[in-house]
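> Provided herewith: coords11.cif, mmCIF, C-alpha atoms.
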```cif
data_structure
#
loop_
_atom_site.label_atom_id
_atom_site.label_comp_id
_atom_site.auth_asym_id
_atom_site.auth_seq_id
_atom_site.Cartn_x
_atom_site.Cartn_y
_atom_site.Cartn_z
CA MET U 1 25.51 -1.01 -6.67
CA LYS U 2 22.75 -3.54 -6.00
CA LYS U 3 19.76 -3.66 -8.36
CA GLY U 4 16.71 -3.23 -6.11
CA ILE U 5 15.01 -3.64 -2.76
CA ILE U 6 11.41 -3.96 -1.68
CA LEU U 7 10.55 -2.35 1.63
CA TYR U 8 7.20 -3.34 3.05
CA GLN U 9 5.02 -2.71 6.05
CA SER U 10 2.13 -5.11 6.48
CA LYS U 11 -0.27 -5.24 9.38
CA TYR U 12 -2.44 -8.21 8.41
CA GLY U 13 -0.50 -9.96 5.63
CA ALA U 14 -1.85 -8.74 2.27
CA THR U 15 0.98 -6.24 1.73
CA LYS U 16 3.56 -8.85 2.70
CA LYS U 17 2.04 -11.19 0.10
CA TYR U 18 2.45 -8.52 -2.59
CA ALA U 19 6.04 -7.82 -1.46
CA GLU U 20 6.88 -11.52 -1.73
CA TRP U 21 5.29 -11.74 -5.19
CA LEU U 22 7.35 -8.71 -6.24
CA ARG U 23 10.49 -10.38 -4.88
CA GLU U 24 9.72 -13.48 -6.97
CA GLU U 25 9.15 -11.37 -10.11
CA THR U 26 12.12 -9.01 -9.75
CA GLY U 27 14.72 -10.92 -7.74
CA TYR U 28 15.03 -7.84 -5.50
CA ASP U 29 15.84 -8.13 -1.81
CA CYS U 30 12.88 -7.75 0.53
CA VAL U 31 12.94 -6.14 3.99
CA GLU U 32 10.28 -5.00 6.45
CA THR U 33 10.38 -1.21 6.63
CA PRO U 34 10.91 -1.07 10.43
CA LYS U 35 14.11 -3.12 9.90
CA ALA U 36 15.39 -0.92 7.06
CA VAL U 37 18.70 0.84 7.67
CA LEU U 38 19.39 3.87 5.49
CA HIS U 39 23.08 3.19 4.79
CA GLU U 40 22.14 -0.30 3.56
CA ILE U 41 19.23 1.00 1.43
CA LEU U 42 21.58 3.50 -0.25
CA GLN U 43 23.37 0.55 -1.88
CA TYR U 44 20.35 -0.09 -4.16
CA GLU U 45 19.44 1.54 -7.47
CA THR U 46 15.70 0.89 -7.13
CA ILE U 47 13.46 1.10 -4.07
CA ILE U 48 9.88 -0.12 -4.02
CA LEU U 49 7.89 0.65 -0.89
CA CYS U 50 4.83 -1.52 -0.30
CA GLY U 51 2.48 -0.33 2.43
CA GLY U 52 -1.04 -1.00 3.58
CA ILE U 53 -3.52 1.87 3.67
CA TYR U 54 -4.80 2.70 7.15
CA ALA U 55 -6.92 5.78 7.88
CA SER U 56 -5.84 7.30 4.53
CA GLY U 57 -2.14 6.92 5.33
CA ILE U 58 0.33 4.52 3.69
CA ALA U 59 2.19 2.33 6.17
CA GLY U 60 5.97 2.67 5.91
CA LEU U 61 5.85 5.90 3.90
CA SER U 62 7.45 7.71 6.82
CA PHE U 63 10.75 5.99 5.92
CA LEU U 64 10.71 7.62 2.49
CA LYS U 65 9.58 10.99 3.88
CA LYS U 66 12.31 11.02 6.49
CA ASN U 67 15.05 9.99 4.05
CA ILE U 68 13.95 11.44 0.70
CA ALA U 69 16.90 13.85 0.57
CA TYR U 70 19.26 10.84 0.53
CA LEU U 71 17.08 8.80 -1.85
CA LYS U 72 16.29 11.44 -4.50
CA ASP U 73 18.60 9.85 -7.10
CA LYS U 74 17.05 6.37 -6.69
CA LYS U 75 14.37 4.85 -8.90
CA THR U 76 11.56 4.80 -6.37
CA ALA U 77 7.95 3.62 -6.49
CA VAL U 78 5.17 3.07 -3.96
CA PHE U 79 2.69 0.19 -4.06
CA CYS U 80 -0.16 0.70 -1.62
CA VAL U 81 -2.65 -1.97 -0.58
CA GLY U 82 -6.23 -1.35 0.52
CA ALA U 83 -9.40 -3.32 1.11
CA SER U 84 -11.52 -1.20 -1.24
CA PRO U 85 -11.85 -1.77 -4.97
CA TYR U 86 -9.87 0.67 -7.07
CA ASP U 87 -11.55 4.06 -7.41
CA GLU U 88 -9.74 6.79 -9.36
CA LYS U 89 -11.09 9.67 -7.26
CA ALA U 90 -10.16 7.97 -3.96
CA PHE U 91 -6.74 7.02 -5.36
CA GLN U 92 -6.01 10.61 -6.42
CA GLU U 93 -7.06 11.85 -2.96
CA LEU U 94 -4.79 9.25 -1.33
CA LYS U 95 -1.86 10.40 -3.48
CA ALA U 96 -2.55 14.08 -2.80
CA HIS U 97 -2.71 13.39 0.94
CA ASN U 98 0.44 11.25 1.14
CA MET U 99 2.75 12.09 -1.74
CA THR U 100 3.75 15.62 -0.80
CA GLY U 101 7.02 17.53 -0.87
CA GLY U 102 9.89 15.43 -2.18
CA LEU U 103 7.56 12.46 -2.69
CA LYS U 104 5.19 14.14 -5.18
CA ASP U 105 6.90 12.78 -8.32
CA ILE U 106 7.21 9.18 -7.12
CA PRO U 107 4.94 6.82 -9.07
CA VAL U 108 2.21 5.21 -6.94
CA PHE U 109 0.34 1.98 -7.66
CA TYR U 110 -2.61 0.24 -5.99
CA GLY U 111 -3.49 -3.35 -5.22
CA ARG U 112 -6.57 -4.62 -3.49
CA GLY U 113 -5.86 -6.42 -0.24
CA ALA U 114 -7.87 -8.49 2.18
CA TRP U 115 -10.40 -8.18 4.97
CA ASP U 116 -10.62 -10.42 8.01
CA GLU U 117 -12.10 -8.94 11.16
CA SER U 118 -10.99 -11.98 13.18
CA ARG U 119 -7.34 -11.01 12.54
CA MET U 120 -7.82 -7.31 13.25
CA SER U 121 -6.68 -5.68 16.44
CA TRP U 122 -9.44 -4.77 18.87
CA LYS U 123 -8.92 -1.10 18.03
CA ASP U 124 -9.13 -1.61 14.23
CA ARG U 125 -12.16 -3.90 14.53
CA THR U 126 -13.93 -1.39 16.81
CA LEU U 127 -13.19 1.55 14.49
CA CYS U 128 -14.46 -0.41 11.48
CA ARG U 129 -17.64 -1.39 13.28
CA LEU U 130 -18.28 2.20 14.35
CA LEU U 131 -17.82 3.32 10.77
CA GLN U 132 -20.16 0.56 9.54
CA LYS U 133 -22.78 1.65 12.07
CA SER U 134 -22.50 5.22 10.87
CA LEU U 135 -22.77 4.19 7.21
CA ALA U 136 -25.79 1.97 7.90
CA LYS U 137 -27.76 5.17 8.59
CA LYS U 138 -27.08 6.46 5.05
CA ASP U 139 -28.90 5.61 1.87
CA PRO U 140 -26.89 2.77 0.21
CA ASN U 141 -27.49 4.43 -3.17
CA THR U 142 -25.24 7.29 -2.03
CA TYR U 143 -22.31 5.06 -0.98
CA GLU U 144 -18.90 5.66 -2.48
CA PRO U 145 -17.03 2.51 -3.63
CA TRP U 146 -15.08 2.19 -0.38
CA MET U 147 -18.32 2.43 1.60
CA LYS U 148 -19.92 -0.35 -0.45
CA ALA U 149 -16.84 -2.52 0.07
CA LEU U 150 -16.82 -1.90 3.81
CA MET U 151 -20.48 -2.72 4.19
CA SER U 152 -20.37 -5.84 2.02
CA ALA U 153 -17.28 -7.25 3.77
CA ALA U 154 -18.67 -6.87 7.30
CA GLY U 155 -18.44 -10.11 9.24
CA GLN U 156 -16.70 -11.93 6.38
CA SER U 157 -13.20 -13.02 5.54
CA CYS U 158 -12.25 -11.78 2.07
CA ASP U 159 -8.99 -11.99 0.12
CA TRP U 160 -8.86 -9.91 -3.06
CA THR U 161 -5.09 -10.05 -3.52
CA ASP U 162 -4.10 -10.83 -7.10
CA LYS U 163 -0.78 -10.68 -8.95
CA LYS U 164 -2.49 -8.72 -11.75
CA TYR U 165 -2.35 -5.61 -9.54
CA LEU U 166 1.46 -5.73 -9.78
CA LEU U 167 1.51 -5.54 -13.59
CA PRO U 168 1.46 -1.70 -13.90
CA LEU U 169 4.29 -1.43 -11.35
CA LEU U 170 6.35 -4.12 -13.07
CA ASP U 171 5.75 -2.46 -16.45
CA CYS U 172 6.92 0.86 -15.01
CA GLN U 173 10.03 -0.79 -13.56
CA ASN U 174 10.86 -2.40 -16.91
CA ARG U 175 10.57 0.96 -18.70
CA ARG U 176 12.80 2.69 -16.14
CA MET U 177 15.64 0.14 -16.36
#
```
Could you spell out this file's structure in structure tokens?


Amino acid sequence: MKKGIILYQSKYGATKKYAEWLREETGYDCVETPKAVLHEILQYETIILCGGIYASGIAGLSFLKKNIAYLKDKKTAVFCVGASPYDEKAFQELKAHNMTGGLKDIPVFYGRGAWDESRMSWKDRTLCRLLQKSLAKKDPNTYEPWMKALMSAAGQSCDWTDKKYLLPLLDCQNRRM
């Protein structure tokens, strides 16, 4: 049986960067989730899914949801990547929303990603601008952390990726070996 594989789904590159850093640290194989084939994935002991957060969903998580019955004996973890700074309340809500059913006991980790409106699709850029317009009507003193991040990043190119965000995941992997 092979040691481990990193499945990732990245829309704008931050999640792919984390997946590649994980590959360097672990020596695991690395495959984009849309190219993942279940019978090949079953050959691995450990599966790490890296996915960007979009509209409170984790990209690529559908692969785990669809195949969890086959993967239940694997050491599995999820590393999600978002543009907002870490916020415990938001993170717990994200987990409650996404990690349901057979996924509820899978450890989940968070890394801060990047923001670059010039690389966004027209749809994503438009949705973000509509949300920014809506938030601009609120009192900034009432903003949640993700709201502050969204408003401060508007019109800028920001990259908050950092290998330090992988440390809790790597520590967990080392304890589970």

> From the set U:Leu38, U:Cys80, U:Ile48, U:Ala55, which residue has the shortest atom-to-atom contact distance to Asn67 in chain U, counting only C-alpha atoms?

U:Leu38

> Hey, what's within 10 Å of Tyr8 in chain U if we count all atoms listed in the file and toss same-chain stuff fewer than 6 positions away? As a short mmCIF file (atom, residue, chain, number, x, y, z; two decimals) with C-alpha atoms, in the frame of the given file, please?


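This is the output file part03.cif:
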```
data_model
loop_
_atom_site.label_atom_id
_atom_site.label_comp_id
_atom_site.auth_asym_id
_atom_site.auth_seq_id
_atom_site.Cartn_x
_atom_site.Cartn_y
_atom_site.Cartn_z
CA THR U 15 0.98 -6.24 1.73
CA LYS U 16 3.56 -8.85 2.70
CA LYS U 17 2.04 -11.19 0.10
CA TYR U 18 2.45 -8.52 -2.59
CA ALA U 19 6.04 -7.82 -1.46
CA GLU U 20 6.88 -11.52 -1.73
CA CYS U 30 12.88 -7.75 0.53
CA VAL U 31 12.94 -6.14 3.99
CA GLU U 32 10.28 -5.00 6.45
CA THR U 33 10.38 -1.21 6.63
CA PRO U 34 10.91 -1.07 10.43
CA LYS U 35 14.11 -3.12 9.90
CA ALA U 36 15.39 -0.92 7.06
CA ILE U 48 9.88 -0.12 -4.02
CA LEU U 49 7.89 0.65 -0.89
CA CYS U 50 4.83 -1.52 -0.30
CA GLY U 51 2.48 -0.33 2.43
CA GLY U 52 -1.04 -1.00 3.58
CA ALA U 59 2.19 2.33 6.17
CA GLY U 60 5.97 2.67 5.91
CA LEU U 61 5.85 5.90 3.90
CA VAL U 78 5.17 3.07 -3.96
CA PHE U 79 2.69 0.19 -4.06
CA CYS U 80 -0.16 0.70 -1.62
#
```

> What's around Gly113 in chain U at 9 Å? Count only C-alpha atoms, leave out sequence neighbours fewer than 6 positions away in its own chain, and write the answer as a list in words.

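Here the qualifying residues turn out to be Gly13, Ala14, Thr15, Tyr18, Gly52, Val81, Gly82, Ala83, Ser84, Pro85, Cys158, Asp159, Trp160, Thr161 and Asp162 of chain U.
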
> Could you work out how far CA of Phe109 in chain U lies from CA of Ser152 in chain U, giving the answer in Å with one decimal?

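For CA of Ser152 in chain U relative to CA of Phe109 in chain U, the distance reads 24.2 Å.
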
> Go ahead and compute the interatomic distance for CA of Gly4 in chain U and CA of Tyr44 in chain U, in Å to one decimal.

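So the answer is 5.2 Å.
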
> Would you kindly translate the PyMOL selection byres ((chain U and resi 56) around 9) into the concrete residues it picks from this file, as a list of chain:residue names?

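Answer for the PyMOL selection byres ((chain U and resi 56) around 9): U:Ile53, U:Tyr54, U:Ala55, U:Gly57, U:Ile58, U:Glu93, U:Leu94, U:His97, U:Asn98.
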
> Could you tell me which of U:Leu64, U:Ala154, U:Ala69, U:Val108 comes closest to Gln173 in chain U if we count all atoms listed in the file?

U:Val108
